[in-house]
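Visitor: Dropping in work.csv, which is CSV, C-alpha atoms:
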chain,number,residue,atom,x,y,z
A,1,MET,CA,112.9,51.4,-64.8
A,2,SER,CA,113.4,48.9,-67.5
A,3,ILE,CA,111.4,48.6,-70.7
A,4,HIS,CA,110.0,45.2,-69.7
A,5,THR,CA,108.5,46.4,-66.4
A,6,THR,CA,106.8,49.5,-67.9
A,7,PRO,CA,103.1,49.1,-68.6
A,8,LEU,CA,102.6,49.4,-72.4
A,9,ASP,CA,100.2,52.3,-72.0
A,10,ASP,CA,103.0,54.4,-70.5
A,11,LEU,CA,105.2,54.1,-73.5
A,12,VAL,CA,105.1,56.2,-76.6
A,13,ALA,CA,106.8,55.2,-79.8
A,14,CYS,CA,108.1,57.8,-82.3
A,15,PRO,CA,105.9,57.4,-85.4
A,16,GLN,CA,108.9,58.2,-87.7
A,17,CYS,CA,111.8,56.2,-86.2
A,18,ASP,CA,110.1,53.7,-83.8
A,19,THR,CA,112.1,54.8,-80.7
A,20,LEU,CA,110.4,54.1,-77.4
A,21,HIS,CA,109.8,56.9,-74.8
A,22,MET,CA,108.2,57.0,-71.4
A,23,ALA,CA,105.1,59.3,-71.6
A,24,HIS,CA,104.6,61.7,-68.8
A,25,SER,CA,102.5,64.9,-68.6
A,26,LEU,CA,104.1,68.0,-70.0
A,27,PRO,CA,104.1,71.4,-68.4
A,28,GLU,CA,101.9,73.9,-70.3
A,29,ASN,CA,103.4,75.5,-73.5
A,30,SER,CA,106.2,73.0,-73.9
A,31,GLN,CA,107.0,70.4,-76.5
A,32,ALA,CA,108.5,66.9,-76.3
A,33,HIS,CA,110.9,65.8,-79.0
A,34,CYS,CA,112.0,62.3,-80.0
A,35,GLN,CA,115.4,61.6,-78.5
A,36,ARG,CA,116.7,60.1,-81.7
A,37,CYS,CA,115.2,61.8,-84.8
A,38,GLY,CA,114.1,65.0,-83.1
A,39,ILE,CA,110.6,65.3,-84.4
A,40,VAL,CA,108.0,66.8,-82.1
A,41,LEU,CA,106.2,63.9,-80.3
A,42,MET,CA,103.7,66.0,-78.3
A,43,THR,CA,103.0,69.6,-77.4
A,44,SER,CA,101.1,70.9,-74.5
A,45,GLN,CA,99.1,74.1,-74.9
A,46,PRO,CA,96.3,75.4,-72.6
A,47,SER,CA,92.8,74.5,-73.9
A,48,ALA,CA,94.3,73.5,-77.3
A,49,ILE,CA,91.3,71.4,-78.2
A,50,ALA,CA,88.8,74.2,-77.6
A,51,ARG,CA,91.0,76.5,-79.7
A,52,VAL,CA,91.3,73.9,-82.5
A,53,LEU,CA,87.6,73.5,-82.5
A,54,SER,CA,86.8,77.2,-82.7
A,55,LEU,CA,89.3,77.7,-85.5
A,56,ALA,CA,87.8,74.8,-87.4
A,57,LEU,CA,84.3,76.3,-87.1
A,58,THR,CA,85.6,79.7,-88.3
A,59,ALA,CA,87.4,78.2,-91.2
A,60,PHE,CA,84.3,76.2,-92.1
A,61,VAL,CA,82.1,79.3,-92.3
A,62,MET,CA,84.7,81.2,-94.3
A,63,MET,CA,85.1,78.3,-96.7
A,64,ILE,CA,81.4,78.5,-97.5
A,65,ALA,CA,81.8,82.2,-98.1
A,66,ALA,CA,84.8,81.6,-100.3
A,67,ILE,CA,82.8,79.2,-102.5
A,68,SER,CA,79.7,81.4,-102.7
A,69,PHE,CA,81.0,84.9,-103.4
A,70,PRO,CA,82.7,86.2,-106.5
A,71,PHE,CA,86.4,85.5,-106.4
A,72,LEU,CA,88.0,87.5,-109.1
A,73,THR,CA,86.7,89.7,-111.9
A,74,LEU,CA,88.6,90.5,-115.1
A,75,ASP,CA,88.0,93.7,-117.2
A,76,ALA,CA,89.5,94.3,-120.6
A,77,GLY,CA,88.3,96.2,-123.7
A,78,GLY,CA,84.7,96.5,-122.4
A,79,LEU,CA,84.4,92.8,-121.7
A,80,GLN,CA,84.0,91.4,-118.2
A,81,ASN,CA,84.5,88.0,-116.8
A,82,ALA,CA,83.7,87.1,-113.2
A,83,THR,CA,85.2,83.9,-111.8
A,84,SER,CA,84.3,82.0,-108.7
A,85,VAL,CA,86.4,79.3,-107.0
A,86,LEU,CA,84.1,76.7,-108.7
A,87,ASP,CA,84.9,78.2,-112.1
A,88,ALA,CA,88.6,77.6,-111.5
A,89,VAL,CA,87.8,74.0,-110.8
A,90,MET,CA,85.6,73.8,-114.0
A,91,ALA,CA,88.5,75.1,-116.1
A,92,PHE,CA,89.5,71.5,-116.6
A,93,LYS,CA,86.1,70.1,-117.3
A,94,ASP,CA,86.6,69.7,-121.1
A,95,GLY,CA,87.6,66.4,-122.6
A,96,TYR,CA,90.7,64.5,-121.4
A,97,ALA,CA,91.4,66.9,-118.5
A,98,PHE,CA,88.1,66.1,-116.7
A,99,PRO,CA,89.7,63.9,-114.1
A,100,LEU,CA,91.9,66.8,-113.2
A,101,ALA,CA,88.8,69.0,-112.6
A,102,VAL,CA,87.6,66.4,-110.1
A,103,ALA,CA,91.1,66.2,-108.5
A,104,VAL,CA,91.3,70.0,-108.2
A,105,ALA,CA,87.8,70.2,-106.7
A,106,PHE,CA,89.0,67.7,-104.1
A,107,PHE,CA,92.2,69.4,-103.3
A,108,ILE,CA,90.9,72.9,-102.8
A,109,ILE,CA,87.2,72.5,-101.7
A,110,VAL,CA,86.1,68.9,-100.8
A,111,ILE,CA,89.1,67.7,-98.8
A,112,PRO,CA,89.4,70.9,-96.8
A,113,LEU,CA,85.7,70.7,-96.0
A,114,ILE,CA,85.9,67.0,-95.1
A,115,ARG,CA,88.9,67.7,-92.8
A,116,LEU,CA,87.1,70.5,-91.0
A,117,SER,CA,83.8,68.6,-90.6
A,118,ALA,CA,85.7,65.5,-89.3
A,119,LEU,CA,87.5,67.6,-86.7
A,120,ILE,CA,84.4,69.4,-85.6
A,121,TYR,CA,82.6,66.1,-85.3
A,122,ALA,CA,85.4,64.4,-83.4
A,123,LEU,CA,86.3,67.3,-81.0
A,124,GLY,CA,82.9,68.9,-80.4
A,125,PRO,CA,81.8,66.6,-77.6
A,126,LEU,CA,85.3,66.7,-75.9
A,127,VAL,CA,85.0,70.5,-75.3
A,128,ARG,CA,81.6,69.9,-73.6
A,129,GLU,CA,83.3,67.1,-71.6
A,130,ALA,CA,80.7,64.7,-73.1
A,131,LYS,CA,81.4,61.2,-74.4
A,132,PRO,CA,82.9,61.1,-77.9
A,133,ARG,CA,80.4,60.6,-80.7
A,134,GLN,CA,80.4,57.2,-82.5
A,135,GLY,CA,83.1,57.1,-85.1
A,136,ALA,CA,85.0,60.1,-83.5
A,137,ARG,CA,88.3,58.1,-83.7
A,138,GLN,CA,87.8,57.3,-87.4
A,139,ALA,CA,86.9,60.9,-88.1
A,140,PHE,CA,90.0,62.3,-86.4
A,141,ALA,CA,92.2,59.7,-88.1
A,142,LEU,CA,90.7,60.7,-91.4
A,143,ALA,CA,91.3,64.4,-90.8
A,144,GLU,CA,95.0,63.7,-90.1
A,145,LYS,CA,95.4,61.3,-93.0
A,146,LEU,CA,94.0,63.8,-95.5
A,147,ARG,CA,96.3,66.6,-94.3
A,148,PRO,CA,98.8,66.4,-97.1
A,149,TRP,CA,96.0,66.4,-99.7
A,150,SER,CA,94.4,69.6,-98.6
A,151,MET,CA,95.9,72.2,-100.8
A,152,ALA,CA,94.0,75.4,-100.1
A,153,GLU,CA,97.2,77.3,-99.2
A,154,ILE,CA,98.9,76.2,-102.4
A,155,PHE,CA,95.9,77.3,-104.4
A,156,ILE,CA,96.1,80.8,-102.9
A,157,VAL,CA,99.8,81.1,-103.9
A,158,GLY,CA,98.8,79.9,-107.4
A,159,VAL,CA,96.2,82.6,-107.6
A,160,THR,CA,98.8,85.2,-106.7
A,161,VAL,CA,101.1,84.0,-109.4
A,162,ALA,CA,98.1,84.0,-111.9
A,163,LEU,CA,97.2,87.6,-110.9
A,164,ILE,CA,100.7,88.8,-111.7
A,165,LYS,CA,100.6,87.1,-115.0
A,166,VAL,CA,97.4,88.8,-116.2
A,167,ALA,CA,98.2,92.2,-114.5
A,168,GLY,CA,99.6,93.6,-117.7
A,169,LEU,CA,96.8,92.3,-119.9
A,170,ALA,CA,93.7,93.5,-118.0
A,171,ALA,CA,92.3,95.0,-114.9
A,172,VAL,CA,91.5,92.4,-112.2
A,173,THR,CA,89.1,93.1,-109.3
A,174,ILE,CA,89.5,91.0,-106.2
A,175,GLY,CA,86.2,89.9,-104.7
A,176,PRO,CA,85.2,89.0,-101.1
A,177,ALA,CA,85.7,85.3,-101.8
A,178,PHE,CA,89.4,85.9,-102.3
A,179,TRP,CA,89.8,87.4,-98.8
A,180,ALA,CA,87.6,84.7,-97.3
A,181,PHE,CA,89.8,82.0,-98.9
A,182,ALA,CA,93.0,83.7,-97.7
A,183,GLY,CA,91.4,83.8,-94.2
A,184,VAL,CA,90.7,80.0,-94.4
A,185,VAL,CA,94.4,79.5,-95.3
A,186,VAL,CA,95.7,81.5,-92.3
A,187,ILE,CA,93.3,79.9,-89.9
A,188,THR,CA,94.0,76.4,-91.2
A,189,VAL,CA,97.8,76.9,-90.7
A,190,LEU,CA,97.2,78.1,-87.1
A,191,LYS,CA,94.8,75.2,-86.4
A,192,ASP,CA,97.1,72.5,-87.7
A,193,GLN,CA,100.0,73.9,-85.6
A,194,LEU,CA,97.8,73.6,-82.5
A,195,ILE,CA,96.9,69.9,-83.1
A,196,CYS,CA,98.9,67.5,-81.0
A,197,ARG,CA,97.8,64.1,-82.2
A,198,TYR,CA,99.0,62.3,-79.1
A,199,SER,CA,97.1,64.6,-76.7
A,200,ILE,CA,93.9,64.4,-78.8
A,201,TRP,CA,94.0,60.6,-78.8
A,202,GLU,CA,94.6,60.7,-75.0
A,203,GLU,CA,91.6,63.0,-74.6
A,204,LEU,CA,89.5,60.7,-76.7
A,205,ASP,CA,90.6,57.8,-74.4
A,206,LYS,CA,89.8,59.7,-71.3
A,207,ALA,CA,86.4,60.9,-72.6
A,208,SER,CA,85.4,57.3,-73.6
A,209,ALA,CA,86.3,55.9,-70.2
B,1,MET,CA,111.7,69.9,-68.4
B,2,GLY,CA,111.2,70.9,-71.9
B,3,ARG,CA,111.9,67.5,-73.2
B,4,ALA,CA,109.6,64.9,-71.9
B,5,GLY,CA,109.4,61.4,-73.2
B,6,GLN,CA,112.3,60.2,-71.1
B,7,SER,CA,114.9,58.2,-72.9
B,8,LEU,CA,114.9,54.5,-72.6
B,9,GLY,CA,118.3,54.2,-74.2
B,10,LEU,CA,117.1,54.5,-77.8
B,11,ILE,CA,115.4,51.2,-78.0
B,12,THR,CA,112.9,50.8,-80.9
B,13,ALA,CA,109.5,49.3,-80.3
B,14,ARG,CA,110.5,46.5,-82.7
B,15,SER,CA,113.7,45.5,-80.9
B,16,ALA,CA,111.7,45.5,-77.6
B,17,GLY,CA,109.3,42.9,-79.1
B,18,LEU,CA,106.6,45.5,-79.5
B,19,VAL,CA,104.7,47.2,-82.3
B,20,ALA,CA,103.8,50.9,-82.3
B,21,CYS,CA,100.9,52.6,-84.0
B,22,GLN,CA,102.1,55.3,-86.3
B,23,ARG,CA,98.9,57.1,-86.1
B,24,CYS,CA,98.6,57.5,-82.4
B,25,GLY,CA,101.8,56.3,-80.8
B,26,GLN,CA,100.2,53.5,-78.8
B,27,VAL,CA,102.5,50.5,-78.1
B,28,HIS,CA,101.3,46.9,-78.4
B,29,PRO,CA,102.7,43.4,-78.2
B,30,LEU,CA,104.3,42.5,-81.5
B,31,GLU,CA,101.6,40.1,-82.8
B,32,THR,CA,98.8,42.7,-82.4
B,33,ARG,CA,97.2,43.6,-85.8
B,34,ILE,CA,94.8,46.4,-85.0
B,35,CYS,CA,95.5,49.4,-82.7
B,36,LYS,CA,93.3,49.3,-79.6
B,37,ARG,CA,93.2,53.1,-79.4
B,38,CYS,CA,92.6,54.4,-82.9
B,39,GLU,CA,91.7,51.1,-84.7
B,40,GLY,CA,94.5,51.6,-87.3
B,41,ARG,CA,96.3,48.7,-88.9
B,42,LEU,CA,99.6,47.9,-87.2
B,43,VAL,CA,102.8,46.9,-89.1
B,44,SER,CA,106.1,46.7,-87.4
B,45,ARG,CA,107.9,47.5,-90.7
B,46,ASP,CA,106.3,47.8,-94.1
B,47,THR,CA,108.2,45.2,-96.0
B,48,GLN,CA,106.7,46.2,-99.3
B,49,SER,CA,107.5,49.9,-98.7
B,50,LEU,CA,110.4,50.1,-101.1
B,51,GLN,CA,108.5,48.3,-103.9
B,52,LYS,CA,105.7,50.8,-103.6
B,53,VAL,CA,108.2,53.8,-103.4
B,54,TRP,CA,109.9,52.7,-106.6
B,55,ALA,CA,106.6,52.0,-108.5
B,56,TRP,CA,105.1,55.4,-107.7
B,57,LEU,CA,108.4,57.2,-108.3
B,58,ILE,CA,108.9,55.7,-111.7
B,59,ALA,CA,105.3,56.5,-112.6
B,60,GLY,CA,105.9,60.1,-111.4
B,61,MET,CA,109.1,60.4,-113.5
B,62,ILE,CA,107.4,59.1,-116.6
B,63,ALA,CA,104.5,61.6,-116.2
B,64,TYR,CA,107.0,64.4,-115.7
B,65,ILE,CA,108.3,64.0,-119.3
B,66,PRO,CA,105.1,64.9,-121.2
B,67,ALA,CA,104.5,67.6,-118.6
B,68,ASN,CA,107.6,69.3,-119.9
B,69,ILE,CA,107.2,68.6,-123.6
B,70,TYR,CA,103.6,69.6,-124.2
B,71,PRO,CA,102.0,73.0,-123.6
B,72,MET,CA,100.7,73.9,-120.2
B,73,LEU,CA,98.7,76.9,-121.4
B,74,LEU,CA,97.0,77.7,-124.8
B,75,THR,CA,96.6,81.5,-125.2
B,76,SER,CA,94.8,83.1,-128.0
B,77,THR,CA,94.4,86.9,-128.5
B,78,LEU,CA,93.2,89.1,-131.4
B,79,VAL,CA,96.6,89.0,-133.0
B,80,GLU,CA,98.1,85.6,-132.1
B,81,ARG,CA,97.8,82.2,-130.7
B,82,SER,CA,100.5,80.8,-128.5
B,83,GLU,CA,101.3,77.8,-126.5
B,84,SER,CA,103.6,77.8,-123.5
B,85,THR,CA,105.3,75.0,-121.7
B,86,ILE,CA,106.4,75.0,-118.1
B,87,ILE,CA,109.9,76.4,-118.9
B,88,GLY,CA,108.3,78.7,-121.6
B,89,GLY,CA,106.1,80.2,-118.9
B,90,VAL,CA,109.1,80.8,-116.6
B,91,VAL,CA,111.0,82.5,-119.4
B,92,GLU,CA,108.0,84.7,-120.3
B,93,LEU,CA,107.6,85.9,-116.7
B,94,PHE,CA,111.4,86.6,-116.6
B,95,ASP,CA,111.2,88.6,-119.8
B,96,HIS,CA,108.3,90.6,-118.3
B,97,GLY,CA,110.6,91.5,-115.5
B,98,SER,CA,108.6,89.5,-112.8
B,99,TYR,CA,111.8,87.9,-111.5
B,100,GLY,CA,110.3,86.9,-108.1
B,101,ILE,CA,107.3,85.2,-109.6
B,102,ALA,CA,109.5,83.5,-112.3
B,103,LEU,CA,111.6,82.2,-109.5
B,104,ILE,CA,108.6,80.8,-107.5
B,105,VAL,CA,107.2,79.0,-110.6
B,106,PHE,CA,110.7,77.7,-111.5
B,107,VAL,CA,111.3,76.4,-108.0
B,108,ALA,CA,107.8,74.8,-107.7
B,109,SER,CA,107.7,73.3,-111.2
B,110,VAL,CA,111.3,72.3,-111.9
B,111,MET,CA,113.5,72.3,-108.8
B,112,ILE,CA,111.1,70.7,-106.4
B,113,PRO,CA,110.0,67.9,-108.6
B,114,VAL,CA,113.5,67.1,-109.8
B,115,GLY,CA,114.9,67.5,-106.3
B,116,LYS,CA,112.2,65.1,-105.1
B,117,PHE,CA,113.0,62.4,-107.6
B,118,VAL,CA,116.7,62.5,-106.6
B,119,ALA,CA,115.9,62.6,-102.9
B,120,ILE,CA,113.5,59.7,-103.0
B,121,MET,CA,115.9,57.6,-105.1
B,122,TYR,CA,118.7,58.4,-102.6
B,123,LEU,CA,116.6,57.4,-99.6
B,124,ALA,CA,115.4,54.2,-101.3
B,125,ILE,CA,118.9,53.1,-102.4
B,126,SER,CA,120.5,53.9,-99.0
B,127,VAL,CA,117.9,51.8,-97.3
B,128,GLN,CA,118.4,48.9,-99.7
B,129,ARG,CA,122.1,49.0,-99.1
B,130,HIS,CA,121.5,49.0,-95.3
B,131,SER,CA,123.6,52.2,-95.0
B,132,GLY,CA,124.1,53.2,-91.4
B,133,GLU,CA,125.5,56.6,-92.3
B,134,ASN,CA,124.0,60.1,-92.2
B,135,GLN,CA,120.7,58.8,-90.7
B,136,HIS,CA,120.0,62.3,-89.3
B,137,GLU,CA,120.6,63.9,-92.7
B,138,ARG,CA,118.5,61.3,-94.4
B,139,HIS,CA,115.7,61.7,-91.9
B,140,VAL,CA,115.7,65.5,-92.6
B,141,ALA,CA,115.7,64.8,-96.3
B,142,TYR,CA,112.6,62.6,-95.8
B,143,GLU,CA,110.8,65.2,-93.8
B,144,VAL,CA,111.6,67.9,-96.4
B,145,VAL,CA,110.3,65.7,-99.2
B,146,GLU,CA,107.1,65.0,-97.4
B,147,PHE,CA,106.5,68.6,-96.5
B,148,ILE,CA,107.5,70.3,-99.8
B,149,GLY,CA,106.2,67.9,-102.4
B,150,ARG,CA,102.6,69.2,-102.5
B,151,TRP,CA,103.8,72.7,-103.3
B,152,SER,CA,104.6,71.6,-106.9
B,153,MET,CA,100.8,71.8,-107.5
B,154,ILE,CA,101.1,75.7,-107.8
B,155,ASP,CA,101.5,75.6,-111.5
B,156,VAL,CA,98.3,73.5,-112.0
B,157,PHE,CA,96.4,76.0,-109.9
B,158,VAL,CA,97.9,78.9,-111.9
B,159,VAL,CA,96.6,77.2,-115.1
B,160,ALA,CA,93.2,76.6,-113.5
B,161,ILE,CA,92.7,80.3,-112.4
B,162,LEU,CA,94.1,81.7,-115.7
B,163,SER,CA,91.8,79.5,-117.8
B,164,ALA,CA,88.8,80.4,-115.7
B,165,LEU,CA,89.6,84.1,-115.6
B,166,VAL,CA,90.8,84.9,-119.1
B,167,GLN,CA,87.7,84.1,-121.1
B,168,LEU,CA,87.0,87.3,-123.0
B,169,ASP,CA,85.5,86.0,-126.2
B,170,THR,CA,87.6,87.2,-129.2
B,171,ILE,CA,90.0,89.5,-127.3
B,172,ALA,CA,91.8,86.9,-125.2
B,173,THR,CA,91.2,83.4,-124.1
B,174,VAL,CA,93.4,81.0,-122.1
B,175,ASN,CA,92.8,77.2,-122.0
B,176,PRO,CA,94.7,74.4,-120.2
B,177,GLY,CA,97.0,72.2,-122.2
B,178,ILE,CA,97.6,68.5,-121.8
B,179,ALA,CA,100.8,69.1,-119.8
B,180,ALA,CA,98.7,70.3,-116.9
B,181,VAL,CA,97.2,66.8,-116.6
B,182,SER,CA,100.5,65.0,-116.8
B,183,PHE,CA,102.1,67.5,-114.4
B,184,ALA,CA,99.4,67.0,-111.8
B,185,LEU,CA,99.7,63.2,-112.2
B,186,SER,CA,103.5,63.5,-111.7
B,187,VAL,CA,103.0,65.5,-108.4
B,188,ILE,CA,100.3,63.0,-107.1
B,189,PHE,CA,102.5,60.0,-107.9
B,190,THR,CA,105.6,61.4,-106.2
B,191,MET,CA,103.5,62.3,-103.2
B,192,LEU,CA,102.3,58.7,-103.0
B,193,SER,CA,105.8,57.5,-103.4
B,194,ALA,CA,107.0,59.7,-100.4
B,195,GLN,CA,104.0,58.5,-98.3
B,196,ALA,CA,104.8,54.8,-99.1
B,197,PHE,CA,108.3,55.2,-97.7
B,198,ASP,CA,108.6,53.8,-94.2
B,199,SER,CA,110.9,56.2,-92.4
B,200,ARG,CA,111.6,53.7,-89.7
B,201,LEU,CA,113.7,51.7,-92.2
B,202,ILE,CA,116.3,54.6,-92.2
B,203,TRP,CA,117.0,53.9,-88.5
B,204,ASP,CA,116.8,50.1,-88.7
B,205,ALA,CA,119.9,50.1,-90.9
B,206,ASP,CA,121.7,52.2,-88.3
B,207,ARG,CA,120.9,49.6,-85.6
B,208,THR,CA,122.1,46.6,-87.6
B,209,LYS,CA,125.4,48.3,-88.1
B,210,GLN,CA,125.9,48.9,-84.4
B,211,GLN,CA,125.3,45.3,-83.4
Could you render the structure as structure tokens?
Guide:
Amino acid sequence: MSIHTTPLDDLVACPQCDTLHMAHSLPENSQAHCQRCGIVLMTSQPSAIARVLSLALTAFVMMIAAISFPFLTLDAGGLQNATSVLDAVMAFKDGYAFPLAVAVAFFIIVIPLIRLSALIYALGPLVREAKPRQGARQAFALAEKLRPWSMAEIFIVGVTVALIKVAGLAAVTIGPAFWAFAGVVVITVLKDQLICRYSIWEELDKASA
Amino acid sequence: MGRAGQSLGLITARSAGLVACQRCGQVHPLETRICKRCEGRLVSRDTQSLQKVWAWLIAGMIAYIPANIYPMLLTSTLVERSESTIIGGVVELFDHGSYGIALIVFVASVMIPVGKFVAIMYLAISVQRHSGENQHERHVAYEVVEFIGRWSMIDVFVVAILSALVQLDTIATVNPGIAAVSFALSVIFTMLSAQAFDSRLIWDADRTKQQ
């Protein structure tokens, strides 16, 4: 079949190198790669959307716990200082560093929460086989666009480095929020690996029809 | 059939007179402006891509200079006050015997940013020269830069946590230095530079050479 006789909706273009491919349904648990640059074009996993949605809900609840509970407590020479995730953000609140406090708040709290809410909003009705909500497409596009700016996992590695730096100086107690935050990171990685953009756009198309 | 997306002989959407949505993969006739599926803006090639790449990259490199000169952390204890720069922090960790952690910080704050400056410059220059060589290697370099760039933020978060945690009145306090701001700016600018790069340009050069 030549390219000019194929209906446009049956074509998929690689987002990174623009090479055209014919779309056809994948068997379960397989991946389709771009023939030229080799990136994964689509994956097919059983009930991926339901799993993405449940992981997003879990991560959302744990994120709230991570913000509310004590994160780390420092003890030295009879003095104690408890720190929450918000305190870490507020470390930059003084003077010229204030914009950095805003940026850090976005990277580790606001953007992860926006991504999770947008995914839950966009995918929720699909699992119930209902029509997508108004703005579901924009919400899903936003969640994907914000992916590189969501830095919860980098924050956790930063915390580990900081813990080793103060380990000699004072005793540090790890609070429940630390574990909640670590949980968010693991779940987010699992969730993002399950997301196949192409299939979700297709599901949104089918559900709107 | 592990590999679906049957080959059409490696034709790009552009050469077939079509334009593809980079967000959702939907293909449209060339003159279409807005994707019918995801409502994203369609551009066959971002002609201003390289200008934006260079602008953000230069901004990122400029911000990286004060990030290395000025202190990242201001520490005061009962006996002394000290300031440490990025490299100073690495050396300190190394002296304490935390070689692994010293290595993580060194890789995240020095090797990744500098490697990124070089990689983005190489990608931009090779596209400007319409080089048709090493497209696969260049594409891998682009993917690595996109994936790894955000990890440089580690040091900024280390400073945030230390400054929040170590606030023990007279015994010991840690406060952020101005370098934390310039370092964060440098990371943000280079991330924007990598995102402005239109990876399809790598493969276009390849095609012009074949013709």
Visitor: Quick one: distance from atom CA of B:Ser199 to atom CA of B:Gln48 in Å, one decimal?
Guide: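 That distance, rounded to one decimal, is 12.9 Å.
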Visitor: Calculate how many Å separate atom CA of A:Gly78 from atom CA of B:Ile171, rounding to one decimal.
Guide: 10.1 Å
Visitor: Residues of chain A within 6 Å of chain B, counting only C-alpha atoms - could you list those as a VMD selection string?
Guide: chain A and resid 8 12 to 13 15 to 23 30 32 83 87 to 88 91 137 154 to 155 158 to 159 162 198
Visitor: Go ahead and compute the interatomic distance for atom CA of A:Val52 and atom CA of A:Lys191, in Å to one decimal.
Guide: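 Value for the atom CA of A:Val52-atom CA of A:Lys191 distance: 5.4 Å.
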Visitor: For A:Ala141, please output as a list in words all residues within 10 Å (counting all atoms listed in the file; exclusion window: fewer than 2 positions along the same chain).
Guide: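 In the requested form, the answer reads Arg115, Ala118, Leu119, Ala122, Gly135, Ala136, Arg137, Gln138, Ala139, Ala143, Glu144, Lys145, Leu146, Arg197 and Trp201 of chain A; Arg23, Cys24, Cys38, Glu39 and Gly40 of chain B.
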Visitor: Please provide the set of residues having any atom within 8 Å of B:Tyr64, restricted to all atoms listed in the file, with same-chain residues fewer than 4 positions apart removed, written as a count of residues only.
Guide: 5
Visitor: Which residues come within 7 Å of A:Ala56, counting all atoms listed in the file, excluding same-chain residues fewer than 3 positions away, as a VMD selection string?
Guide: chain A and resid 52 to 53 59 to 60 116 120
Visitor: For a quick check of understanding, using all atoms listed in the file, which of A:Ala152, A:Val61, A:Leu190, A:Cys14 has the smallest distance to A:Ile39?
Guide: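 Among A:Ala152, A:Val61, A:Leu190, A:Cys14, it is A:Cys14 that comes nearest to A:Ile39.
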